[in-house]
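Listing of coords-v9.pdb; format and content: PDB, C-alpha atoms.
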ATOM      1  CA  MET A  14      -8.494  16.115 -12.523
ATOM      2  CA  ILE A  15      -7.640  12.473 -12.948
ATOM      3  CA  LEU A  16      -6.542  11.102 -16.308
ATOM      4  CA  ILE A  17      -6.678   7.350 -16.520
ATOM      5  CA  ALA A  18      -5.970   5.026 -19.384
ATOM      6  CA  PHE A  19      -6.414   1.328 -18.806
ATOM      7  CA  ALA A  20      -5.338  -0.858 -21.680
ATOM      8  CA  SER A  21      -5.840  -4.579 -21.807
ATOM      9  CA  GLY A  22      -4.792  -7.093 -24.395
ATOM     10  CA  VAL A  23      -1.407  -7.352 -26.014
ATOM     11  CA  ALA A  24       1.133  -5.704 -23.735
ATOM     12  CA  GLN A  25       2.117  -2.251 -24.960
ATOM     13  CA  GLY A  26       3.114  -0.168 -21.959
ATOM     14  CA  CYS A  27       2.662   3.563 -21.456
ATOM     15  CA  GLY A  28       4.639   5.160 -24.224
ATOM     16  CA  ASP A  29       8.204   3.883 -24.043
ATOM     17  CA  ARG A  30       8.516   0.360 -22.698
ATOM     18  CA  ASN A  31       9.942   1.244 -19.330
ATOM     19  CA  ASN A  32       8.475   4.695 -18.824
ATOM     20  CA  GLY A  33      11.973   6.148 -18.697
ATOM     21  CA  ALA A  34      12.874   4.130 -15.646
ATOM     22  CA  PRO A  35      16.294   2.548 -15.267
ATOM     23  CA  MET A  36      16.109  -1.169 -15.988
ATOM     24  CA  PRO A  37      16.335  -3.113 -12.739
ATOM     25  CA  PRO A  38      19.236  -5.542 -12.381
ATOM     26  CA  THR A  39      18.272  -9.056 -13.455
ATOM     27  CA  GLY A  40      19.924 -12.388 -12.758
ATOM     28  CA  ASN A  41      21.593 -14.401 -15.480
ATOM     29  CA  ASP A  42      18.667 -16.784 -15.662
ATOM     30  CA  ASP A  43      16.012 -14.068 -15.720
ATOM     31  CA  THR A  44      14.656 -13.915 -19.209
ATOM     32  CA  SER A  45      11.181 -12.611 -18.457
ATOM     33  CA  ARG A  46       9.357 -11.212 -21.389
ATOM     34  CA  PRO A  47       5.997  -9.500 -21.758
ATOM     35  CA  ASP A  48       3.153 -11.954 -21.621
ATOM     36  CA  THR A  49       1.460 -11.430 -24.954
ATOM     37  CA  SER A  50      -1.843 -12.569 -23.539
ATOM     38  CA  GLY A  51      -1.581 -10.388 -20.452
ATOM     39  CA  GLN A  52      -2.859  -6.980 -19.594
ATOM     40  CA  THR A  53      -1.181  -3.661 -19.042
ATOM     41  CA  LEU A  54      -1.966  -0.921 -16.564
ATOM     42  CA  CYS A  55      -1.491   2.708 -17.403
ATOM     43  CA  LEU A  56      -2.476   5.425 -14.936
ATOM     44  CA  GLN A  57      -1.788   9.101 -14.718
ATOM     45  CA  LEU A  58      -2.779  10.568 -11.372
ATOM     46  CA  PRO A  59      -2.582  14.014  -9.814
ATOM     47  CA  ALA A  60       0.221  14.312  -7.284
ATOM     48  CA  ASP A  61      -2.021  14.865  -4.298
ATOM     49  CA  PRO A  62      -3.169  12.784  -1.303
ATOM     50  CA  ILE A  63      -6.040  11.128  -3.205
ATOM     51  CA  ALA A  64      -3.611   9.417  -5.574
ATOM     52  CA  PRO A  65      -2.633   6.376  -3.463
ATOM     53  CA  SER A  66      -6.261   5.303  -3.000
ATOM     54  CA  VAL A  67      -7.024   5.695  -6.698
ATOM     55  CA  ALA A  68      -3.887   3.718  -7.550
ATOM     56  CA  ARG A  69      -4.886   0.957  -5.093
ATOM     57  CA  ASN A  70      -8.333   0.571  -6.625
ATOM     58  CA  TRP A  71      -6.982   0.353 -10.158
ATOM     59  CA  VAL A  72      -4.147  -2.027  -9.264
ATOM     60  CA  ARG A  73      -6.601  -4.312  -7.434
ATOM     61  CA  HIS A  74      -8.913  -4.291 -10.433
ATOM     62  CA  TRP A  75      -6.048  -4.929 -12.845
ATOM     63  CA  LEU A  76      -4.731  -7.848 -10.787
ATOM     64  CA  THR A  77      -8.226  -9.317 -10.390
ATOM     65  CA  VAL A  78      -8.803  -9.229 -14.142
ATOM     66  CA  ALA A  79      -5.424 -10.966 -14.511
ATOM     67  CA  CYS A  80      -6.672 -13.643 -12.058
ATOM     68  CA  TRP A  81      -3.910 -12.926  -9.586
ATOM     69  CA  PRO A  82      -4.057 -14.906  -6.277
ATOM     70  CA  PRO A  83      -5.811 -12.647  -3.721
ATOM     71  CA  GLY A  84      -3.101 -13.027  -1.064
ATOM     72  CA  GLN A  85      -0.443 -11.829  -3.498
ATOM     73  CA  GLN A  86      -2.668  -8.986  -4.698
ATOM     74  CA  GLU A  87      -2.648  -7.177  -1.361
ATOM     75  CA  ASP A  88       1.136  -7.213  -1.124
ATOM     76  CA  ILE A  89       1.448  -5.643  -4.578
ATOM     77  CA  VAL A  90      -1.286  -3.104  -3.779
ATOM     78  CA  LEU A  91       0.531  -2.129  -0.582
ATOM     79  CA  ALA A  92       3.855  -1.687  -2.370
ATOM     80  CA  VAL A  93       2.303   0.466  -5.097
ATOM     81  CA  SER A  94       0.457   2.552  -2.511
ATOM     82  CA  GLU A  95       3.730   3.223  -0.696
ATOM     83  CA  ALA A  96       5.502   4.169  -3.921
ATOM     84  CA  VAL A  97       2.717   6.553  -4.933
ATOM     85  CA  SER A  98       2.711   8.116  -1.449
ATOM     86  CA  ASN A  99       6.442   8.738  -1.753
ATOM     87  CA  ALA A 100       6.029  10.132  -5.263
ATOM     88  CA  ILE A 101       3.595  12.731  -3.946
ATOM     89  CA  GLU A 102       6.307  13.988  -1.655
ATOM     90  CA  HIS A 103       8.763  14.298  -4.536
ATOM     91  CA  ALA A 104       6.398  16.390  -6.565
ATOM     92  CA  TYR A 105       6.580  20.125  -6.597
ATOM     93  CA  ARG A 106       4.088  22.472  -8.086
ATOM     94  CA  GLU A 107       4.934  24.347 -11.223
ATOM     95  CA  ASP A 108       2.799  27.191 -12.454
ATOM     96  CA  GLN A 109       2.542  25.835 -15.956
ATOM     97  CA  PHE A 110       1.070  22.428 -15.257
ATOM     98  CA  PRO A 111       0.051  20.271 -12.308
ATOM     99  CA  GLU A 112       2.345  17.508 -11.173
ATOM    100  CA  VAL A 113       1.337  13.997 -12.137
ATOM    101  CA  VAL A 114       2.371  10.547 -11.022
ATOM    102  CA  ASP A 115       2.535   7.791 -13.642
ATOM    103  CA  VAL A 116       1.803   4.196 -12.694
ATOM    104  CA  SER A 117       2.388   1.550 -15.342
ATOM    105  CA  GLY A 118       2.199  -2.201 -14.976
ATOM    106  CA  GLU A 119       2.787  -5.299 -17.035
ATOM    107  CA  VAL A 120       2.197  -9.000 -16.591
ATOM    108  CA  GLU A 121       5.271 -11.020 -17.519
ATOM    109  CA  ALA A 122       5.777 -14.695 -18.186
ATOM    110  CA  VAL A 123       8.678 -16.235 -16.295
ATOM    111  CA  PRO A 124      10.604 -19.360 -17.313
ATOM    112  CA  GLY A 125       9.048 -22.351 -15.584
ATOM    113  CA  GLY A 126       5.537 -21.409 -16.550
ATOM    114  CA  GLN A 127       4.959 -18.802 -13.842
ATOM    115  CA  ARG A 128       3.990 -15.137 -13.980
ATOM    116  CA  ARG A 129       4.867 -11.915 -12.242
ATOM    117  CA  VAL A 130       4.007  -8.266 -12.576
ATOM    118  CA  THR A 131       6.266  -5.273 -12.860
ATOM    119  CA  VAL A 132       4.845  -1.922 -11.774
ATOM    120  CA  ILE A 133       6.654   1.371 -12.310
ATOM    121  CA  VAL A 134       5.715   4.455 -10.295
ATOM    122  CA  ARG A 135       7.136   7.610 -11.773
ATOM    123  CA  ASP A 136       6.994  11.198 -10.630
ATOM    124  CA  HIS A 137       8.331  14.219 -12.452
ATOM    125  CA  GLY A 138       9.537  16.367  -9.574
ATOM    126  CA  ARG A 139      13.064  17.598  -9.388
ATOM    127  CA  TRP A 140      15.297  14.729  -8.326
ATOM    128  CA  ARG A 141      16.427  15.024  -4.769
ATOM    129  CA  PRO A 142      17.531  12.384  -2.309
ATOM    130  CA  PRO A 143      14.845  11.424   0.203
ATOM    131  CA  PRO A 144      15.058  13.355   3.477
ATOM    132  CA  ILE A 145      16.718  10.962   5.883
ATOM    133  CA  ASP A 146      14.563  11.825   8.842
ATOM    134  CA  HIS A 147      11.190  11.499   7.134
ATOM    135  CA  GLU A 148       9.312   8.955   9.198
ATOM    136  CA  ASN A 149       7.026   7.605   6.502
ATOM    137  CA  ARG A 150       9.858   7.067   4.091
ATOM    138  CA  ARG A 151      11.871   5.253   6.760
ATOM    139  CA  ARG A 152       9.019   2.782   7.048
ATOM    140  CA  GLY A 153       7.723   2.925   3.509
ATOM    141  CA  ILE A 154      10.778   1.680   1.644
ATOM    142  CA  PRO A 155      11.418  -1.396   3.846
ATOM    143  CA  LEU A 156       7.700  -2.144   3.643
ATOM    144  CA  MET A 157       7.870  -2.053  -0.161
ATOM    145  CA  ARG A 158      10.873  -4.375  -0.141
ATOM    146  CA  ALA A 159       8.994  -6.846   2.054
ATOM    147  CA  CYS A 160       5.991  -6.864  -0.273
ATOM    148  CA  VAL A 161       7.611  -7.594  -3.614
ATOM    149  CA  ASP A 162      10.609  -9.464  -4.975
ATOM    150  CA  THR A 163      12.724  -6.467  -5.964
ATOM    151  CA  VAL A 164      12.485  -2.700  -5.592
ATOM    152  CA  THR A 165      14.626  -0.404  -7.713
ATOM    153  CA  ILE A 166      14.586   3.316  -6.946
ATOM    154  CA  GLY A 167      16.409   5.799  -9.040
ATOM    155  CA  GLN A 168      16.581   8.650 -11.444
ATOM    156  CA  PRO A 169      15.016   7.874 -14.808
ATOM    157  CA  ASP A 170      17.391   7.232 -17.695
ATOM    158  CA  ASP A 171      15.725   9.747 -19.944
ATOM    159  CA  ASP A 172      16.402  13.438 -19.671
ATOM    160  CA  ARG A 173      13.210  14.184 -17.806
ATOM    161  CA  THR A 174      13.478  14.881 -14.121
ATOM    162  CA  GLY A 175      11.821  12.798 -11.477
ATOM    163  CA  THR A 176      12.101   9.511  -9.663
ATOM    164  CA  ALA A 177      11.125   6.051 -10.882
ATOM    165  CA  VAL A 178      10.374   3.137  -8.584
ATOM    166  CA  VAL A 179      10.313  -0.276 -10.250
ATOM    167  CA  LEU A 180       8.461  -2.950  -8.299
ATOM    168  CA  ARG A 181       8.857  -6.540  -9.408
ATOM    169  CA  SER A 182       6.424  -8.910  -7.740
ATOM    170  CA  ARG A 183       6.982 -12.424  -6.563
ATOM    171  CA  VAL A 184       6.109 -15.076  -9.102
ATOM    172  CA  VAL A 185       2.731 -16.781  -9.078
ATOM    173  CA  PRO A 186       1.488 -19.829 -10.960
ATOM    174  CA  ALA A 187       0.568 -19.440 -14.599
ATOM    175  CA  LEU A 188      -3.047 -19.123 -15.584
ATOM    176  CA  LEU A 189      -4.632 -22.512 -16.203
ATOM    177  CA  ARG A 190      -5.457 -23.040 -19.827
ATOM    178  CA  ALA A 191      -6.419 -26.734 -19.775
ATOM    179  CA  LEU A 192      -9.080 -26.988 -22.444
ATOM    180  CA  ASP A 193      -9.769 -30.654 -21.796
ATOM    181  CA  ALA A 194     -10.757 -30.203 -18.156
ATOM    182  CA  PRO A 195     -14.404 -29.228 -18.217
ATOM    183  CA  ASP A 196     -14.545 -28.353 -14.543
ATOM    184  CA  VAL A 197     -11.763 -25.785 -14.813
ATOM    185  CA  ASP A 198     -12.668 -22.166 -15.431
ATOM    186  CA  THR A 199     -10.693 -21.492 -18.591
ATOM    187  CA  ASN A 200     -11.955 -17.987 -19.280
ATOM    188  CA  PRO A 201      -9.054 -15.690 -18.403
ATOM    189  CA  SER A 202     -11.303 -12.638 -18.425
ATOM    190  CA  HIS A 203     -13.610 -13.986 -15.743
ATOM    191  CA  VAL A 204     -13.589 -11.413 -13.006
ATOM    192  CA  VAL A 205     -12.890 -12.838  -9.594
ATOM    193  CA  SER A 206     -14.844 -10.872  -7.052
ATOM    194  CA  THR A 207     -12.848  -9.347  -4.258
ATOM    195  CA  THR A 208     -14.167  -8.043  -0.998
TER     196      THR A 208
ATOM    197  CA  MET B  14     -12.705   6.439   6.529
ATOM    198  CA  ARG B  15     -15.054   6.568   9.516
ATOM    199  CA  ILE B  16     -14.006   7.081  13.120
ATOM    200  CA  ASP B  17     -16.229   6.782  16.171
ATOM    201  CA  THR B  18     -15.221   7.057  19.818
ATOM    202  CA  GLY B  19     -17.238   5.532  22.622
ATOM    203  CA  ARG B  20     -16.908   4.332  26.175
ATOM    204  CA  VAL B  21     -17.046   0.689  27.128
ATOM    205  CA  VAL B  22     -17.460  -0.336  30.735
ATOM    206  CA  HIS B  23     -16.829  -3.857  31.955
ATOM    207  CA  ALA B  24     -17.010  -5.204  35.460
ATOM    208  CA  GLY B  25     -13.243  -5.074  35.768
ATOM    209  CA  GLY B  26     -12.470  -1.897  33.952
ATOM    210  CA  GLU B  27     -13.292   0.837  31.536
ATOM    211  CA  ALA B  28     -12.097   1.759  28.085
ATOM    212  CA  LEU B  29     -12.430   4.492  25.537
ATOM    213  CA  VAL B  30     -12.689   2.773  22.162
ATOM    214  CA  VAL B  31     -11.713   4.569  18.979
ATOM    215  CA  THR B  32     -13.315   2.514  16.187
ATOM    216  CA  VAL B  33     -11.834   2.986  12.714
ATOM    217  CA  ALA B  34     -13.394   1.695   9.500
ATOM    218  CA  GLY B  35     -12.117   2.020   5.955
ATOM    219  CA  GLU B  36      -8.684   2.902   4.632
ATOM    220  CA  ILE B  37      -5.890   4.531   6.609
ATOM    221  CA  ASP B  38      -3.364   6.236   4.343
ATOM    222  CA  VAL B  39      -1.838   9.667   3.723
ATOM    223  CA  LEU B  40      -5.293  11.062   2.924
ATOM    224  CA  THR B  41      -6.986   9.975   6.151
ATOM    225  CA  VAL B  42      -4.259   9.427   8.749
ATOM    226  CA  ASP B  43      -4.470  12.926  10.226
ATOM    227  CA  ARG B  44      -8.029  12.193  11.333
ATOM    228  CA  LEU B  45      -6.821   9.061  13.097
ATOM    229  CA  ARG B  46      -4.076  11.041  14.840
ATOM    230  CA  ALA B  47      -6.612  13.657  15.947
ATOM    231  CA  ALA B  48      -8.994  11.013  17.284
ATOM    232  CA  VAL B  49      -6.200   9.350  19.254
ATOM    233  CA  ALA B  50      -5.058  12.699  20.700
ATOM    234  CA  ALA B  51      -8.631  13.522  21.680
ATOM    235  CA  GLY B  52      -8.980  10.065  23.196
ATOM    236  CA  PHE B  53      -5.971  10.607  25.426
ATOM    237  CA  GLU B  54      -7.406  13.955  26.546
ATOM    238  CA  GLN B  55     -10.806  12.470  27.377
ATOM    239  CA  LEU B  56      -9.516   9.279  28.951
ATOM    240  CA  PRO B  57     -10.872   8.798  32.485
ATOM    241  CA  ASP B  58      -8.340   7.925  35.146
ATOM    242  CA  GLY B  59      -7.501   4.248  35.125
ATOM    243  CA  ALA B  60      -9.212   3.651  31.800
ATOM    244  CA  THR B  61      -7.622   2.037  28.759
ATOM    245  CA  LEU B  62      -7.507   3.638  25.327
ATOM    246  CA  VAL B  63      -8.419   1.096  22.653
ATOM    247  CA  ILE B  64      -8.028   1.535  18.895
ATOM    248  CA  ASP B  65     -10.289  -0.923  17.063
ATOM    249  CA  LEU B  66      -8.953  -1.642  13.567
ATOM    250  CA  THR B  67     -11.217  -4.624  12.880
ATOM    251  CA  ASP B  68     -12.988  -2.897   9.988
ATOM    252  CA  VAL B  69      -9.918  -1.256   8.479
ATOM    253  CA  THR B  70      -9.468  -2.286   4.852
ATOM    254  CA  PHE B  71      -6.043  -0.760   4.192
ATOM    255  CA  LEU B  72      -3.089   0.189   6.400
ATOM    256  CA  GLY B  73       0.121   1.646   4.977
ATOM    257  CA  SER B  74       3.195   3.322   6.444
ATOM    258  CA  PRO B  75       1.426   6.580   7.397
ATOM    259  CA  GLY B  76      -1.005   4.565   9.513
ATOM    260  CA  LEU B  77       1.744   2.376  10.946
ATOM    261  CA  GLN B  78       3.642   5.490  11.999
ATOM    262  CA  ALA B  79       0.481   6.871  13.630
ATOM    263  CA  LEU B  80       0.105   3.653  15.645
ATOM    264  CA  VAL B  81       3.750   3.775  16.723
ATOM    265  CA  ASP B  82       3.440   7.432  17.742
ATOM    266  CA  ALA B  83       0.253   6.660  19.667
ATOM    267  CA  THR B  84       1.995   3.804  21.491
ATOM    268  CA  ARG B  85       4.952   5.999  22.411
ATOM    269  CA  ALA B  86       2.599   8.751  23.609
ATOM    270  CA  ALA B  87       0.773   6.195  25.756
ATOM    271  CA  GLN B  88       4.080   5.055  27.256
ATOM    272  CA  ARG B  89       5.039   8.655  28.078
ATOM    273  CA  ARG B  90       1.649   9.236  29.690
ATOM    274  CA  ARG B  91       1.814   5.888  31.497
ATOM    275  CA  GLU B  92      -1.618   5.061  30.133
ATOM    276  CA  PRO B  93      -2.408   1.763  28.409
ATOM    277  CA  LEU B  94      -3.085   1.704  24.672
ATOM    278  CA  HIS B  95      -4.520  -1.484  23.202
ATOM    279  CA  ILE B  96      -4.932  -2.092  19.469
ATOM    280  CA  VAL B  97      -7.497  -4.568  18.143
ATOM    281  CA  VAL B  98      -6.658  -6.262  14.862
ATOM    282  CA  ASP B  99      -8.348  -9.673  14.951
ATOM    283  CA  HIS B 100      -7.186 -11.681  11.945
ATOM    284  CA  THR B 101      -7.868  -9.152   9.202
ATOM    285  CA  ARG B 102      -5.029  -9.467   6.766
ATOM    286  CA  PRO B 103      -5.141  -5.852   5.540
ATOM    287  CA  VAL B 104      -4.024  -4.826   9.028
ATOM    288  CA  ILE B 105      -2.039  -7.768  10.365
ATOM    289  CA  ARG B 106       0.108  -8.136   7.259
ATOM    290  CA  PRO B 107       1.678  -4.645   7.205
ATOM    291  CA  ILE B 108       2.155  -4.712  10.993
ATOM    292  CA  GLU B 109       4.082  -7.972  10.715
ATOM    293  CA  LEU B 110       6.003  -6.892   7.617
ATOM    294  CA  ALA B 111       7.112  -3.754   9.451
ATOM    295  CA  GLY B 112       8.143  -5.813  12.477
ATOM    296  CA  LEU B 113       5.788  -3.927  14.792
ATOM    297  CA  ASP B 114       3.920  -6.879  16.286
ATOM    298  CA  ASP B 115       6.115  -6.719  19.376
ATOM    299  CA  LEU B 116       5.989  -2.954  19.948
ATOM    300  CA  LEU B 117       2.216  -2.579  19.536
ATOM    301  CA  ALA B 118      -0.099  -4.033  22.182
ATOM    302  CA  LEU B 119      -2.285  -6.178  19.917
ATOM    303  CA  PHE B 120      -5.532  -7.912  20.822
ATOM    304  CA  HIS B 121      -7.899 -10.082  18.849
ATOM    305  CA  THR B 122     -11.190  -8.521  19.979
ATOM    306  CA  VAL B 123     -12.417  -5.375  21.714
ATOM    307  CA  ASP B 124     -13.598  -7.532  24.613
ATOM    308  CA  GLN B 125     -10.102  -8.877  25.112
ATOM    309  CA  ALA B 126      -8.662  -5.363  24.830
ATOM    310  CA  VAL B 127     -10.804  -3.971  27.667
ATOM    311  CA  PRO B 128      -9.545  -4.798  31.148
ATOM    312  CA  SER B 129     -11.725  -7.414  32.788
TER     313      SER B 129
END
Could you rewrite the structure in this file as structure tokens?
Amino acid sequence: MILIAFASGVAQGCGDRNNGAPMPPTGNDDTSRPDTSGQTLCLQLPADPIAPSVARNWVRHWLTVACWPPGQQEDIVLAVSEAVSNAIEHAYREDQFPEVVDVSGEVEAVPGGQRRVTVIVRDHGRWRPPPIDHENRRRGIPLMRACVDTVTIGQPDDDRTGTAVVLRSRVVPALLRALDAPDVDTNPSHVVSTT
Amino acid sequence: MRIDTGRVVHAGGEALVVTVAGEIDVLTVDRLRAAVAAGFEQLPDGATLVIDLTDVTFLGSPGLQALVDATRAAQRRREPLHIVVDHTRPVIRPIELAGLDDLLALFHTVDQAVPS
């Protein structure tokens, strides 16, 4: 059972703006705001081993539609895949309902005319500190930190249990919107094919 | 993910090549581990075990850990393990980000990975 909602258009987010995640620390000059012409990503996946691959496919598609530079796409995809893999390990089965992992993403405009994405991976398992000797986690978290600008891992602010990982990508150039340059592809919804 | 294992014989040496295609992550990594273990068991004396990742489209920390474990197993067995990555970014990038490009014996092509 996979429930997926993929919203594009004016940024809305999945329910509450930050999906219950603690707000990551921001610098004094960081005044990023949702890009009102950008797209949002909203996934709900089962907490089982298929989830990282489903998340990768959707994140790649979402970034391609947003005309993200291909080299930067793979770093973000890798970070999200690691976060979803870790979330699966946090999950525990309850009799009443299956565990799910929420992945939400937003494109943000950054001062200076650039863009970045913020992706939040949220599980609902009982909060527990990661086992220190788990090999994948020892590699997975440093790998995430190398792939994106900031990684914030913590217990969600709301009263639901679980872990939220907030991934903030590196900035990329803004989308070109020069209407007086006929040789520039100005259609932001043009899908760039990826191999 | 597809895995095939085959023997390659050159004038100067022999190799058992485990060819992997597709994505290596938590869903598929156990099959890679099993293929590597079987490769070590079947390896003729003096031959080199080669893992060909040229057609791998995704490599995350579960796969990286499998490659590290395979390399350590090869060191314990005193048998060579060569890993082919060519210049495919989906494989090179995570290896470099994880700082494993020194530990793993990396080669650009299968031909270069087989003793000659």
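Taking CA of Val127 (chain B) and CA of Thr67 (chain B) as endpoints, the distance between them is 14.8 Å.
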Distance of CA of Pro107 (chain B) from CA of Asp115 (chain A), expressed in Å to one decimal place
24.3 Å
Given only C-alpha atoms as the counted atoms, nearest of B:Ala86, B:Val30, B:Ala118, B:Leu110 to chain A:
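Of B:Ala86, B:Val30, B:Ala118, B:Leu110, the one nearest chain A is B:Leu110, counting only C-alpha atoms.
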Name the residues that the ChimeraX specification (/B :<7) & /A pulls out of this structure, and write them as a ChimeraX atom specification.
/A:62-63,91,95,149,152-153,156,159
Output C-alpha atoms of each residue in that selection to a file, as an mmCIF file, in the coordinates of the input.
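Written output follows (result-v8.cif):
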data_model
loop_
_atom_site.group_PDB
_atom_site.id
_atom_site.type_symbol
_atom_site.label_atom_id
_atom_site.label_comp_id
_atom_site.auth_asym_id
_atom_site.auth_seq_id
_atom_site.Cartn_x
_atom_site.Cartn_y
_atom_site.Cartn_z
ATOM 1 C CA PRO A 62 -3.169 12.784 -1.303
ATOM 2 C CA ILE A 63 -6.040 11.128 -3.205
ATOM 3 C CA LEU A 91 0.531 -2.129 -0.582
ATOM 4 C CA GLU A 95 3.730 3.223 -0.696
ATOM 5 C CA ASN A 149 7.026 7.605 6.502
ATOM 6 C CA ARG A 152 9.019 2.782 7.048
ATOM 7 C CA GLY A 153 7.723 2.925 3.509
ATOM 8 C CA LEU A 156 7.700 -2.144 3.643
ATOM 9 C CA ALA A 159 8.994 -6.846 2.054
#
Can you pull out the residues contacting Arg73 (chain A)? Cut-off 9 Å, using only C-alpha atoms, and skip same-chain residues under 2 positions away; I want them as an NGL selection string.
:A and (68-71 or 75-78 or 86-87 or 89-90 or 207)
Nearest candidate to Gly138 (chain A) (options A:Pro124, A:Gly175, A:Pro82, A:Pro155; using all atoms listed in the file)
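Of the candidates, the smallest distance to Gly138 (chain A) is held by A:Gly175.
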Between CA of His137 (chain A) and CA of Ser182 (chain A), distance in Å (one decimal)
23.7 Å
Spatial neighbours of Val134 (chain A), 9 Å, all atoms listed in the file, chain gap at least 4 places, as a ChimeraX atom specification:
/A:32,34,93,96-97,100,114-118,176-180
Residues at most 12 Å from Phe53 (chain B), counting all atoms listed in the file, excluding those fewer than 6 positions away in the same chain, as a ChimeraX atom specification?
/B:18,28-31,46-47,59-64,83-84,86-94
Do you know which residues are at most 8 Å from Asp65 (chain B) counting only C-alpha atoms, after dropping those on the same chain fewer than 5 positions away, and could you put them as a compact mmCIF listing (two decimals) with C-alpha atoms, in the frame of the given file?
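So part_20.txt came out as:
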# COMPACT_ATOMS: atom_id res chain seq x y z
CA VAL B 30 -12.69 2.77 22.16
CA VAL B 31 -11.71 4.57 18.98
CA THR B 32 -13.32 2.51 16.19
CA VAL B 33 -11.83 2.99 12.71
CA ILE B 96 -4.93 -2.09 19.47
CA VAL B 97 -7.50 -4.57 18.14
CA VAL B 98 -6.66 -6.26 14.86
CA VAL B 123 -12.42 -5.38 21.71
Please list as a PDB file with C-alpha atoms, keeping the file's coordinate frame every residue within 9 Å of Ala34 (chain B), counting all atoms listed in the file and excluding residues in the same chain fewer than 4 positions away.
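Writing the result to result.pdb gives the following:
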ATOM      1  CA  MET B  14     -12.705   6.439   6.529  1.00  0.00           C
ATOM      2  CA  ARG B  15     -15.054   6.568   9.516  1.00  0.00           C
ATOM      3  CA  ILE B  16     -14.006   7.081  13.120  1.00  0.00           C
ATOM      4  CA  ASP B  17     -16.229   6.782  16.171  1.00  0.00           C
ATOM      5  CA  ASP B  65     -10.289  -0.923  17.063  1.00  0.00           C
ATOM      6  CA  LEU B  66      -8.953  -1.642  13.567  1.00  0.00           C
ATOM      7  CA  THR B  67     -11.217  -4.624  12.880  1.00  0.00           C
ATOM      8  CA  ASP B  68     -12.988  -2.897   9.988  1.00  0.00           C
ATOM      9  CA  VAL B  69      -9.918  -1.256   8.479  1.00  0.00           C
ATOM     10  CA  THR B  70      -9.468  -2.286   4.852  1.00  0.00           C
TER      11      THR B  70
END
